[in-house]
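What's in data-v1.pdb: PDB, C-alpha atoms, pLDDT in the B column
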ATOM      1  CA  MET A1357      17.018  16.493  11.663  1.00 59.00           C
ATOM      2  CA  ILE A1358      13.720  18.167  10.882  1.00 64.00           C
ATOM      3  CA  TYR A1359      12.107  17.385   7.582  1.00 69.00           C
ATOM      4  CA  LYS A1360       9.754  19.925   6.071  1.00 82.00           C
ATOM      5  CA  SER A1361       7.064  19.280   3.480  1.00 87.00           C
ATOM      6  CA  SER A1362       6.944  21.336   0.327  1.00 92.00           C
ATOM      7  CA  PRO A1363       4.400  24.178   0.548  1.00 93.00           C
ATOM      8  CA  VAL A1364       2.403  22.529  -2.252  1.00 94.00           C
ATOM      9  CA  ILE A1365       1.464  19.731   0.164  1.00 95.00           C
ATOM     10  CA  HIS A1366      -1.494  20.441   2.466  1.00 96.00           C
ATOM     11  CA  LYS A1367      -1.854  17.966   5.281  1.00 95.00           C
ATOM     12  CA  LEU A1368      -5.127  17.319   7.050  1.00 95.00           C
ATOM     13  CA  ASP A1369      -4.977  18.332  10.731  1.00 92.00           C
ATOM     14  CA  ALA A1370      -5.793  14.858  11.990  1.00 96.00           C
ATOM     15  CA  PRO A1371      -5.317  11.280  10.815  1.00 97.00           C
ATOM     16  CA  VAL A1372      -8.104   9.857   8.641  1.00 98.00           C
ATOM     17  CA  LEU A1373      -8.019   6.494  10.426  1.00 98.00           C
ATOM     18  CA  THR A1374      -6.790   5.289  13.824  1.00 98.00           C
ATOM     19  CA  TRP A1375      -7.312   2.249  16.066  1.00 97.00           C
ATOM     20  CA  ARG A1376     -10.291   4.027  17.652  1.00 97.00           C
ATOM     21  CA  ASP A1377     -12.217   3.750  14.358  1.00 98.00           C
ATOM     22  CA  ILE A1378     -11.866  -0.032  14.125  1.00 98.00           C
ATOM     23  CA  PRO A1379     -14.739  -2.181  15.509  1.00 98.00           C
ATOM     24  CA  TYR A1380     -12.474  -5.145  16.288  1.00 97.00           C
ATOM     25  CA  LYS A1381      -9.097  -5.684  17.932  1.00 96.00           C
ATOM     26  CA  ALA A1382      -6.727  -3.043  16.537  1.00 97.00           C
ATOM     27  CA  ALA A1383      -3.623  -1.145  17.606  1.00 96.00           C
ATOM     28  CA  LEU A1384      -1.565   0.291  14.745  1.00 96.00           C
ATOM     29  CA  ILE A1385      -3.512   1.370  11.645  1.00 98.00           C
ATOM     30  CA  PHE A1386      -1.301   2.476   8.772  1.00 98.00           C
ATOM     31  CA  ASN A1387       0.169   1.941   5.306  1.00 98.00           C
ATOM     32  CA  ALA A1388      -3.152   1.815   3.491  1.00 98.00           C
ATOM     33  CA  GLY A1389      -3.989   1.554  -0.178  1.00 98.00           C
ATOM     34  CA  VAL A1390      -6.818   3.622  -1.598  1.00 98.00           C
ATOM     35  CA  ALA A1391      -8.715   3.611  -4.886  1.00 98.00           C
ATOM     36  CA  LYS A1392     -11.962   4.764  -6.406  1.00 98.00           C
ATOM     37  CA  PHE A1393     -13.945   1.685  -7.312  1.00 97.00           C
ATOM     38  CA  GLY A1394     -17.635   1.102  -7.968  1.00 94.00           C
ATOM     39  CA  GLY A1395     -18.479   4.762  -7.473  1.00 95.00           C
ATOM     40  CA  ARG A1396     -16.937   5.142  -4.022  1.00 97.00           C
ATOM     41  CA  TYR A1397     -13.585   5.436  -2.284  1.00 98.00           C
ATOM     42  CA  VAL A1398     -12.143   2.154  -1.005  1.00 98.00           C
ATOM     43  CA  MET A1399      -9.353   1.789   1.538  1.00 98.00           C
ATOM     44  CA  VAL A1400      -7.479  -1.341   2.574  1.00 98.00           C
ATOM     45  CA  PHE A1401      -5.395  -0.690   5.671  1.00 98.00           C
ATOM     46  CA  ARG A1402      -2.791  -2.552   7.663  1.00 98.00           C
ATOM     47  CA  ASN A1403      -3.796  -3.388  11.236  1.00 98.00           C
ATOM     48  CA  ASP A1404      -1.008  -4.573  13.532  1.00 97.00           C
ATOM     49  CA  TYR A1405      -2.980  -5.723  16.569  1.00 97.00           C
ATOM     50  CA  GLY A1406      -1.843  -6.739  20.016  1.00 94.00           C
ATOM     51  CA  SER A1407      -0.995  -5.110  23.316  1.00 87.00           C
ATOM     52  CA  MET A1408       0.056  -1.478  22.946  1.00 79.00           C
ATOM     53  CA  GLU A1409       1.129  -1.302  26.610  1.00 83.00           C
ATOM     54  CA  GLU A1410       3.400  -4.323  26.371  1.00 84.00           C
ATOM     55  CA  HIS A1411       4.511  -3.499  22.785  1.00 82.00           C
ATOM     56  CA  LYS A1412       3.539  -7.038  21.841  1.00 89.00           C
ATOM     57  CA  LEU A1413       2.422  -7.766  18.285  1.00 92.00           C
ATOM     58  CA  GLU A1414      -0.122 -10.585  18.074  1.00 94.00           C
ATOM     59  CA  GLY A1415      -0.904 -10.457  14.388  1.00 96.00           C
ATOM     60  CA  THR A1416      -1.547  -8.396  11.274  1.00 97.00           C
ATOM     61  CA  SER A1417      -4.677  -8.188   9.164  1.00 98.00           C
ATOM     62  CA  ILE A1418      -5.821  -6.028   6.268  1.00 98.00           C
ATOM     63  CA  GLY A1419      -9.039  -4.163   7.002  1.00 98.00           C
ATOM     64  CA  LEU A1420     -11.538  -2.487   4.711  1.00 98.00           C
ATOM     65  CA  ALA A1421     -13.279   0.879   4.693  1.00 98.00           C
ATOM     66  CA  PHE A1422     -15.475   2.832   2.289  1.00 98.00           C
ATOM     67  CA  SER A1423     -16.051   6.565   1.883  1.00 98.00           C
ATOM     68  CA  ASP A1424     -18.060   9.026  -0.172  1.00 98.00           C
ATOM     69  CA  ASP A1425     -15.562  11.867   0.114  1.00 97.00           C
ATOM     70  CA  GLY A1426     -12.180  10.246   0.794  1.00 98.00           C
ATOM     71  CA  ILE A1427     -12.011  11.909   4.214  1.00 97.00           C
ATOM     72  CA  ARG A1428     -14.627  10.245   6.433  1.00 98.00           C
ATOM     73  CA  TRP A1429     -14.433   6.475   6.399  1.00 98.00           C
ATOM     74  CA  GLU A1430     -16.880   3.704   7.237  1.00 98.00           C
ATOM     75  CA  VAL A1431     -14.822   0.773   8.505  1.00 98.00           C
ATOM     76  CA  GLN A1432     -16.270  -2.656   7.740  1.00 98.00           C
ATOM     77  CA  PRO A1433     -16.988  -5.023  10.670  1.00 98.00           C
ATOM     78  CA  LYS A1434     -14.286  -7.565   9.812  1.00 98.00           C
ATOM     79  CA  PRO A1435     -10.858  -7.611   8.129  1.00 98.00           C
ATOM     80  CA  CYS A1436     -11.011  -8.423   4.409  1.00 98.00           C
ATOM     81  CA  PHE A1437      -7.639 -10.134   3.904  1.00 98.00           C
ATOM     82  CA  GLU A1438      -5.359 -12.082   6.205  1.00 97.00           C
ATOM     83  CA  LEU A1439      -2.705 -14.680   5.371  1.00 97.00           C
ATOM     84  CA  HIS A1440      -1.266 -17.056   7.964  1.00 95.00           C
ATOM     85  CA  ASP A1441      -0.203 -20.706   7.739  1.00 95.00           C
ATOM     86  CA  ASN A1442       2.838 -22.918   8.345  1.00 95.00           C
ATOM     87  CA  GLU A1443       4.919 -20.940   5.869  1.00 96.00           C
ATOM     88  CA  ILE A1444       3.316 -17.487   5.733  1.00 96.00           C
ATOM     89  CA  ILE A1445       3.563 -15.239   8.781  1.00 97.00           C
ATOM     90  CA  ARG A1446       1.460 -12.305   7.520  1.00 97.00           C
ATOM     91  CA  ALA A1447       0.374 -10.084   4.629  1.00 98.00           C
ATOM     92  CA  TYR A1448       0.615  -6.293   4.979  1.00 98.00           C
ATOM     93  CA  ASP A1449       1.183  -2.889   3.280  1.00 98.00           C
ATOM     94  CA  PRO A1450      -1.564  -3.181   0.646  1.00 98.00           C
ATOM     95  CA  ARG A1451      -1.762  -0.941  -2.426  1.00 98.00           C
ATOM     96  CA  LEU A1452      -4.770  -0.770  -4.755  1.00 98.00           C
ATOM     97  CA  THR A1453      -4.803  -0.152  -8.496  1.00 97.00           C
ATOM     98  CA  VAL A1454      -7.853  -0.307 -10.744  1.00 97.00           C
ATOM     99  CA  ILE A1455      -7.106  -1.678 -14.230  1.00 95.00           C
ATOM    100  CA  ASP A1456      -9.787  -2.390 -16.838  1.00 92.00           C
ATOM    101  CA  GLY A1457     -12.534  -2.391 -14.239  1.00 95.00           C
ATOM    102  CA  ARG A1458     -10.913  -4.845 -11.788  1.00 96.00           C
ATOM    103  CA  CYS A1459      -9.235  -3.923  -8.522  1.00 97.00           C
ATOM    104  CA  TYR A1460      -5.701  -5.241  -8.018  1.00 97.00           C
ATOM    105  CA  MET A1461      -4.014  -5.319  -4.636  1.00 98.00           C
ATOM    106  CA  CYS A1462      -0.238  -5.453  -4.246  1.00 97.00           C
ATOM    107  CA  PHE A1463       0.884  -6.534  -0.791  1.00 98.00           C
ATOM    108  CA  ALA A1464       3.946  -7.665   1.160  1.00 98.00           C
ATOM    109  CA  VAL A1465       4.203 -11.148   2.642  1.00 97.00           C
ATOM    110  CA  ASP A1466       6.477 -12.181   5.495  1.00 97.00           C
ATOM    111  CA  THR A1467       7.323 -15.867   5.256  1.00 96.00           C
ATOM    112  CA  LYS A1468       9.681 -18.209   7.090  1.00 96.00           C
ATOM    113  CA  HIS A1469      11.861 -18.167   3.974  1.00 95.00           C
ATOM    114  CA  GLY A1470      11.919 -14.477   3.211  1.00 94.00           C
ATOM    115  CA  LEU A1471       9.823 -11.490   2.164  1.00 95.00           C
ATOM    116  CA  ARG A1472       7.689 -11.814  -0.954  1.00 96.00           C
ATOM    117  CA  GLY A1473       5.628  -9.380  -3.006  1.00 96.00           C
ATOM    118  CA  GLY A1474       2.086 -10.480  -3.782  1.00 96.00           C
ATOM    119  CA  ILE A1475      -0.550  -9.421  -6.256  1.00 96.00           C
ATOM    120  CA  ALA A1476      -4.244 -10.277  -5.840  1.00 96.00           C
ATOM    121  CA  VAL A1477      -7.364  -9.216  -7.706  1.00 96.00           C
ATOM    122  CA  THR A1478     -10.875  -8.616  -6.417  1.00 97.00           C
ATOM    123  CA  ASP A1479     -14.213  -7.464  -7.797  1.00 97.00           C
ATOM    124  CA  ASP A1480     -16.040  -7.135  -4.467  1.00 97.00           C
ATOM    125  CA  PHE A1481     -13.479  -6.938  -1.609  1.00 97.00           C
ATOM    126  CA  GLU A1482     -14.885 -10.201  -0.262  1.00 97.00           C
ATOM    127  CA  LYS A1483     -13.141 -12.670  -2.508  1.00 97.00           C
ATOM    128  CA  PHE A1484      -9.470 -12.096  -3.374  1.00 97.00           C
ATOM    129  CA  GLU A1485      -7.694 -14.206  -5.956  1.00 95.00           C
ATOM    130  CA  ILE A1486      -3.918 -14.303  -5.415  1.00 95.00           C
ATOM    131  CA  LEU A1487      -2.319 -14.079  -8.864  1.00 93.00           C
ATOM    132  CA  SER A1488       1.367 -14.087  -8.037  1.00 92.00           C
ATOM    133  CA  LEU A1489       3.910 -14.123  -5.236  1.00 94.00           C
ATOM    134  CA  SER A1490       7.411 -12.994  -6.116  1.00 93.00           C
ATOM    135  CA  LEU A1491      10.593 -14.768  -5.087  1.00 92.00           C
ATOM    136  CA  PRO A1492      12.138 -13.462  -1.892  1.00 92.00           C
ATOM    137  CA  ASP A1493      13.211 -10.821  -0.851  1.00 91.00           C
ATOM    138  CA  ASN A1494      10.936  -8.317  -2.546  1.00 94.00           C
ATOM    139  CA  ARG A1495       8.034  -6.029  -1.624  1.00 94.00           C
ATOM    140  CA  ASN A1496       6.734  -2.452  -1.962  1.00 96.00           C
ATOM    141  CA  MET A1497       5.140  -3.238  -5.290  1.00 96.00           C
ATOM    142  CA  VAL A1498       2.710  -1.022  -7.126  1.00 96.00           C
ATOM    143  CA  LEU A1499       0.938  -1.504 -10.449  1.00 96.00           C
ATOM    144  CA  PHE A1500       0.507   1.234 -13.025  1.00 96.00           C
ATOM    145  CA  PRO A1501      -3.189   2.100 -13.526  1.00 95.00           C
ATOM    146  CA  GLU A1502      -3.170   1.256 -17.204  1.00 93.00           C
ATOM    147  CA  LYS A1503      -1.315  -1.123 -19.453  1.00 93.00           C
ATOM    148  CA  ILE A1504       1.533   0.316 -21.475  1.00 92.00           C
ATOM    149  CA  GLY A1505       1.990  -1.151 -24.944  1.00 92.00           C
ATOM    150  CA  GLY A1506      -0.234  -4.069 -23.946  1.00 91.00           C
ATOM    151  CA  TYR A1507       1.816  -4.872 -20.833  1.00 92.00           C
ATOM    152  CA  TYR A1508       0.934  -4.653 -17.151  1.00 94.00           C
ATOM    153  CA  CYS A1509       3.699  -2.596 -15.492  1.00 95.00           C
ATOM    154  CA  ARG A1510       4.843  -2.830 -11.933  1.00 95.00           C
ATOM    155  CA  LEU A1511       7.365  -1.058  -9.730  1.00 96.00           C
ATOM    156  CA  GLU A1512       8.945  -3.156  -6.977  1.00 95.00           C
ATOM    157  CA  ARG A1513      11.768  -3.043  -4.465  1.00 94.00           C
ATOM    158  CA  PRO A1514      13.865  -6.185  -4.093  1.00 92.00           C
ATOM    159  CA  MET A1515      16.468  -6.428  -1.311  1.00 88.00           C
ATOM    160  CA  PRO A1516      19.487  -8.357  -2.617  1.00 79.00           C
ATOM    161  CA  VAL A1517      21.781  -9.835   0.040  1.00 71.00           C
ATOM    162  CA  TYR A1518      25.013 -10.510  -1.824  1.00 69.00           C
ATOM    163  CA  SER A1519      25.169  -7.270  -3.694  1.00 65.00           C
ATOM    164  CA  ARG A1520      28.223  -5.066  -3.386  1.00 63.00           C
ATOM    165  CA  GLY A1521      28.601  -5.742   0.330  1.00 65.00           C
ATOM    166  CA  ARG A1522      25.876  -3.422   1.549  1.00 72.00           C
ATOM    167  CA  ASP A1523      22.126  -2.946   1.528  1.00 73.00           C
ATOM    168  CA  ARG A1524      20.607  -1.803  -1.754  1.00 78.00           C
ATOM    169  CA  PHE A1525      17.029  -0.582  -1.983  1.00 86.00           C
ATOM    170  CA  ASP A1526      16.676   0.138  -5.680  1.00 89.00           C
ATOM    171  CA  THR A1527      13.349   0.424  -7.434  1.00 93.00           C
ATOM    172  CA  TRP A1528      12.840  -1.967 -10.342  1.00 93.00           C
ATOM    173  CA  LEU A1529      10.314  -1.983 -13.176  1.00 94.00           C
ATOM    174  CA  SER A1530       8.765  -5.181 -14.530  1.00 93.00           C
ATOM    175  CA  TYR A1531       6.366  -5.955 -17.348  1.00 93.00           C
ATOM    176  CA  SER A1532       3.870  -8.736 -17.836  1.00 92.00           C
ATOM    177  CA  ARG A1533       1.601  -9.827 -20.664  1.00 88.00           C
ATOM    178  CA  ALA A1534      -0.696 -11.621 -18.256  1.00 81.00           C
ATOM    179  CA  GLU A1535      -1.389 -10.725 -14.638  1.00 73.00           C
ATOM    180  CA  CYS A1536       0.891 -13.407 -13.274  1.00 69.00           C
ATOM    181  CA  CYS A1537       4.110 -13.775 -15.254  1.00 69.00           C
ATOM    182  CA  TRP A1538       6.607 -10.981 -14.720  1.00 71.00           C
ATOM    183  CA  SER A1539       9.822 -10.449 -16.601  1.00 63.00           C
ATOM    184  CA  ARG A1540      12.422  -8.159 -15.173  1.00 58.00           C
ATOM    185  CA  THR A1541      13.612  -5.215 -17.150  1.00 55.00           C
ATOM    186  CA  ALA A1542      15.313  -2.232 -15.679  1.00 59.00           C
ATOM    187  CA  ARG A1543      16.374  -0.627 -12.469  1.00 58.00           C
TER     188      ARG A1543
ATOM    189  CA  MET B 534      10.932   7.138  14.271  1.00 63.00           C
ATOM    190  CA  ALA B 535       9.108   9.495  11.932  1.00 76.00           C
ATOM    191  CA  VAL B 536       8.408   7.425   8.859  1.00 90.00           C
ATOM    192  CA  ILE B 537       5.956   8.304   6.088  1.00 94.00           C
ATOM    193  CA  PHE B 538       4.695   5.489   3.861  1.00 96.00           C
ATOM    194  CA  PRO B 539       2.605   6.689   0.905  1.00 95.00           C
ATOM    195  CA  GLY B 540       0.283   3.940  -0.283  1.00 96.00           C
ATOM    196  CA  GLY B 541      -2.522   5.656  -2.169  1.00 95.00           C
ATOM    197  CA  MET B 542      -2.717   8.457  -4.720  1.00 95.00           C
ATOM    198  CA  LEU B 543      -6.028   9.574  -6.136  1.00 97.00           C
ATOM    199  CA  LEU B 544      -6.382  12.150  -8.885  1.00 97.00           C
ATOM    200  CA  GLU B 545      -9.702  13.996  -8.626  1.00 98.00           C
ATOM    201  CA  PRO B 546     -11.417  15.519 -11.685  1.00 97.00           C
ATOM    202  CA  ASP B 547     -10.512  19.050 -10.539  1.00 97.00           C
ATOM    203  CA  GLY B 548      -6.776  18.284 -10.398  1.00 98.00           C
ATOM    204  CA  GLU B 549      -6.552  17.710  -6.674  1.00 98.00           C
ATOM    205  CA  VAL B 550      -4.390  14.753  -5.651  1.00 98.00           C
ATOM    206  CA  LYS B 551      -5.295  12.978  -2.427  1.00 98.00           C
ATOM    207  CA  ILE B 552      -2.160  11.387  -0.938  1.00 98.00           C
ATOM    208  CA  TYR B 553      -2.753   8.708   1.674  1.00 98.00           C
ATOM    209  CA  TYR B 554       0.180   7.753   3.878  1.00 98.00           C
ATOM    210  CA  GLY B 555       0.973   5.787   6.990  1.00 97.00           C
ATOM    211  CA  ALA B 556       2.527   7.955   9.710  1.00 96.00           C
ATOM    212  CA  SER B 557       5.097   6.523  12.119  1.00 94.00           C
ATOM    213  CA  ASP B 558       3.692   2.998  11.727  1.00 95.00           C
ATOM    214  CA  THR B 559       0.754   4.159  13.838  1.00 95.00           C
ATOM    215  CA  TYR B 560      -1.927   6.160  12.016  1.00 97.00           C
ATOM    216  CA  GLU B 561      -3.256   6.614   8.509  1.00 98.00           C
ATOM    217  CA  CYS B 562      -3.168  10.210   7.263  1.00 98.00           C
ATOM    218  CA  MET B 563      -4.026  12.168   4.161  1.00 98.00           C
ATOM    219  CA  ALA B 564      -2.566  15.191   2.426  1.00 97.00           C
ATOM    220  CA  ARG B 565      -3.697  17.112  -0.645  1.00 98.00           C
ATOM    221  CA  ALA B 566      -1.880  18.842  -3.474  1.00 97.00           C
ATOM    222  CA  ASP B 567      -2.584  20.150  -6.937  1.00 98.00           C
ATOM    223  CA  VAL B 568      -1.369  17.810  -9.686  1.00 98.00           C
ATOM    224  CA  ASN B 569       0.218  20.602 -11.720  1.00 97.00           C
ATOM    225  CA  GLU B 570       2.180  21.851  -8.710  1.00 97.00           C
ATOM    226  CA  LEU B 571       3.372  18.303  -7.985  1.00 96.00           C
ATOM    227  CA  VAL B 572       4.540  17.789 -11.572  1.00 96.00           C
ATOM    228  CA  LYS B 573       6.316  21.149 -11.475  1.00 96.00           C
ATOM    229  CA  LEU B 574       8.033  20.111  -8.240  1.00 92.00           C
ATOM    230  CA  CYS B 575       9.277  16.877  -9.849  1.00 90.00           C
ATOM    231  CA  LEU B 576      10.633  18.694 -12.876  1.00 95.00           C
ATOM    232  CA  GLU B 577      12.347  21.381 -10.788  1.00 90.00           C
ATOM    233  CA  LYS B 578      14.491  18.991  -8.700  1.00 67.00           C
TER     234      LYS B 578
END
Take the structure in the file and give it back as structure tokens.
Amino acid sequence: MIYKSSPVIHKLDAPVLTWRDIPYKAALIFNAGVAKFGGRYVMVFRNDYGSMEEHKLEGTSIGLAFSDDGIRWEVQPKPCFELHDNEIIRAYDPRLTVIDGRCYMCFAVDTKHGLRGGIAVTDDFEKFEILSLSLPDNRNMVLFPEKIGGYYCRLERPMPVYSRGRDRFDTWLSYSRAECCWSRTAR
Amino acid sequence: MAVIFPGGMLLEPDGEVKIYYGASDTYECMARADVNELVKLCLEK
């Protein structure tokens, strides 16, 4: 099946970032979040690194790049965010949202006990404070860029196991008074 | 597998939307559209 874009979408001829642009070990560069923050464009990108020939994944990190025009990117010398310990396998698929002058990053987390959706906040892309990790299995979160009625709003995509005997990938909407306590509302 | 994963949307002052997306779990790409045309597309479907 061939999928066609709508004519209102104009794709650039070439990717904006590939493994060749990364000054450290990199293989697959994709699923980035982008925002305008501090007067410039900021990108956080997923880097699945390892051996491309052997199709062997060694690890995943989140890298950082800045731009003045959103097209040409200056990749920073080191990744900016990486999670790995006895329980957490990796963090990936970052999305950025600026709210009230702070930059929030939603990200997915693979753990030994399921997939979790994380939210962190940063003011400088050096220090990230993790505010919340959802229960499993949930990811593909994104925050709305402004509060609505005093609430932070977030879209997310849980993956229930025991539901109606088949996979469901519904999008849910949650609200929170603070950055860390989310109450579920509607699908 | 041809998968597109949109992770960033930026609205520019002139109405241009920059859409950043991962392509086939391999590269990061960007597309552009006009915000009014995108809204019209959503309302049409």
### For CA of Gly1457 (chain A) and CA of Thr1478 (chain A), the interatomic separation in Å (one decimal)
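Taking CA of Gly1457 (chain A) and CA of Thr1478 (chain A), their separation equals 10.1 Å.
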#### Entry: Given the PyMOL selection byres ((chain A) within 6 of (chain B)), the residues it picks as a PyMOL selection string
chain A and resi 1364-1368+1371-1374+1384-1390+1451
#### Entry: Explicit residue set for the PyMOL selection byres ((chain A and resi 1380) around 8), as a list in words
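What the PyMOL selection byres ((chain A and resi 1380) around 8) grabs from the file is Ile1378, Pro1379, Lys1381, Ala1382, Pro1433 and Lys1434 of chain A.
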### For CA of Arg1522 (chain A) and CA of Pro1492 (chain A), the interatomic separation in Å (one decimal)
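These atoms are spaced 17.4 Å apart.
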### Query
Applied to this file, what does the PyMOL selection byres ((chain A and resi 1440) around 12) return in terms of residues, put as a ChimeraX atom specification?
/A:1415-1417,1437-1439,1441-1448,1465-1468
### Message
Between A:Tyr1508, A:Phe1500, A:Trp1375, A:Phe1463, which residue has the minimum interatomic distance to Glu1535 (chain A), considering all atoms listed in the file?
### Response
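Smallest distance to Glu1535 (chain A) is found for A:Tyr1508.
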### Query
Which polymer residues have any atom within 10 Å of an atom of Ile1475 (chain A), counting only C-alpha atoms, with same-chain residues fewer than 6 positions away left out, as an NGL selection string?
:A and (1450-1452 or 1460-1464 or 1484-1490 or 1497-1499 or 1535-1536)
### Query
By how many Å are CA of Arg1510 (chain A) and CA of Lys573 (chain B) apart?
24.0 Å
Missing atoms in region 1377-1389 of chain A: fill them in up to N, CA, C and O atoms and send the result as a CSV table (one decimal), in the frame of the given file.
chain,number,residue,atom,x,y,z
A,1377,ASP,N,-11.2,3.9,15.4
A,1377,ASP,CA,-12.2,3.8,14.4
A,1377,ASP,C,-12.5,2.3,14.0
A,1377,ASP,O,-13.5,2.0,13.2
A,1378,ILE,N,-11.8,1.4,14.6
A,1378,ILE,CA,-11.9,0.0,14.1
A,1378,ILE,C,-12.7,-0.8,15.1
A,1378,ILE,O,-12.5,-0.8,16.3
A,1379,PRO,N,-13.8,-1.5,14.6
A,1379,PRO,CA,-14.7,-2.2,15.5
A,1379,PRO,C,-14.3,-3.6,16.0
A,1379,PRO,O,-15.1,-4.3,16.5
A,1380,TYR,N,-13.0,-3.9,15.8
A,1380,TYR,CA,-12.5,-5.1,16.3
A,1380,TYR,C,-11.1,-4.8,16.8
A,1380,TYR,O,-10.6,-3.7,16.8
A,1381,LYS,N,-10.4,-5.9,17.3
A,1381,LYS,CA,-9.1,-5.7,17.9
A,1381,LYS,C,-8.1,-5.0,17.0
A,1381,LYS,O,-7.8,-5.5,15.9
A,1382,ALA,N,-7.6,-3.8,17.4
A,1382,ALA,CA,-6.7,-3.0,16.5
A,1382,ALA,C,-5.8,-2.2,17.4
A,1382,ALA,O,-6.1,-1.9,18.5
A,1383,ALA,N,-4.6,-2.0,16.9
A,1383,ALA,CA,-3.6,-1.1,17.6
A,1383,ALA,C,-3.0,-0.1,16.7
A,1383,ALA,O,-3.1,1.1,16.9
A,1384,LEU,N,-2.3,-0.6,15.7
A,1384,LEU,CA,-1.6,0.3,14.7
A,1384,LEU,C,-2.2,0.2,13.4
A,1384,LEU,O,-2.3,-0.9,12.8
A,1385,ILE,N,-2.8,1.3,12.9
A,1385,ILE,CA,-3.5,1.4,11.6
A,1385,ILE,C,-2.8,2.3,10.7
A,1385,ILE,O,-2.6,3.5,10.9
A,1386,PHE,N,-2.2,1.7,9.6
A,1386,PHE,CA,-1.3,2.5,8.8
A,1386,PHE,C,-1.1,1.8,7.4
A,1386,PHE,O,-1.6,0.7,7.2
A,1387,ASN,N,-0.3,2.5,6.6
A,1387,ASN,CA,0.2,1.9,5.3
A,1387,ASN,C,-1.0,1.4,4.4
A,1387,ASN,O,-0.9,0.2,4.0
A,1388,ALA,N,-2.0,2.2,4.2
A,1388,ALA,CA,-3.2,1.8,3.5
A,1388,ALA,C,-3.0,2.1,2.0
A,1388,ALA,O,-2.3,2.9,1.5
A,1389,GLY,N,-3.8,1.3,1.2
A,1389,GLY,CA,-4.0,1.6,-0.2
A,1389,GLY,C,-5.4,2.1,-0.4
A,1389,GLY,O,-6.3,1.7,0.3
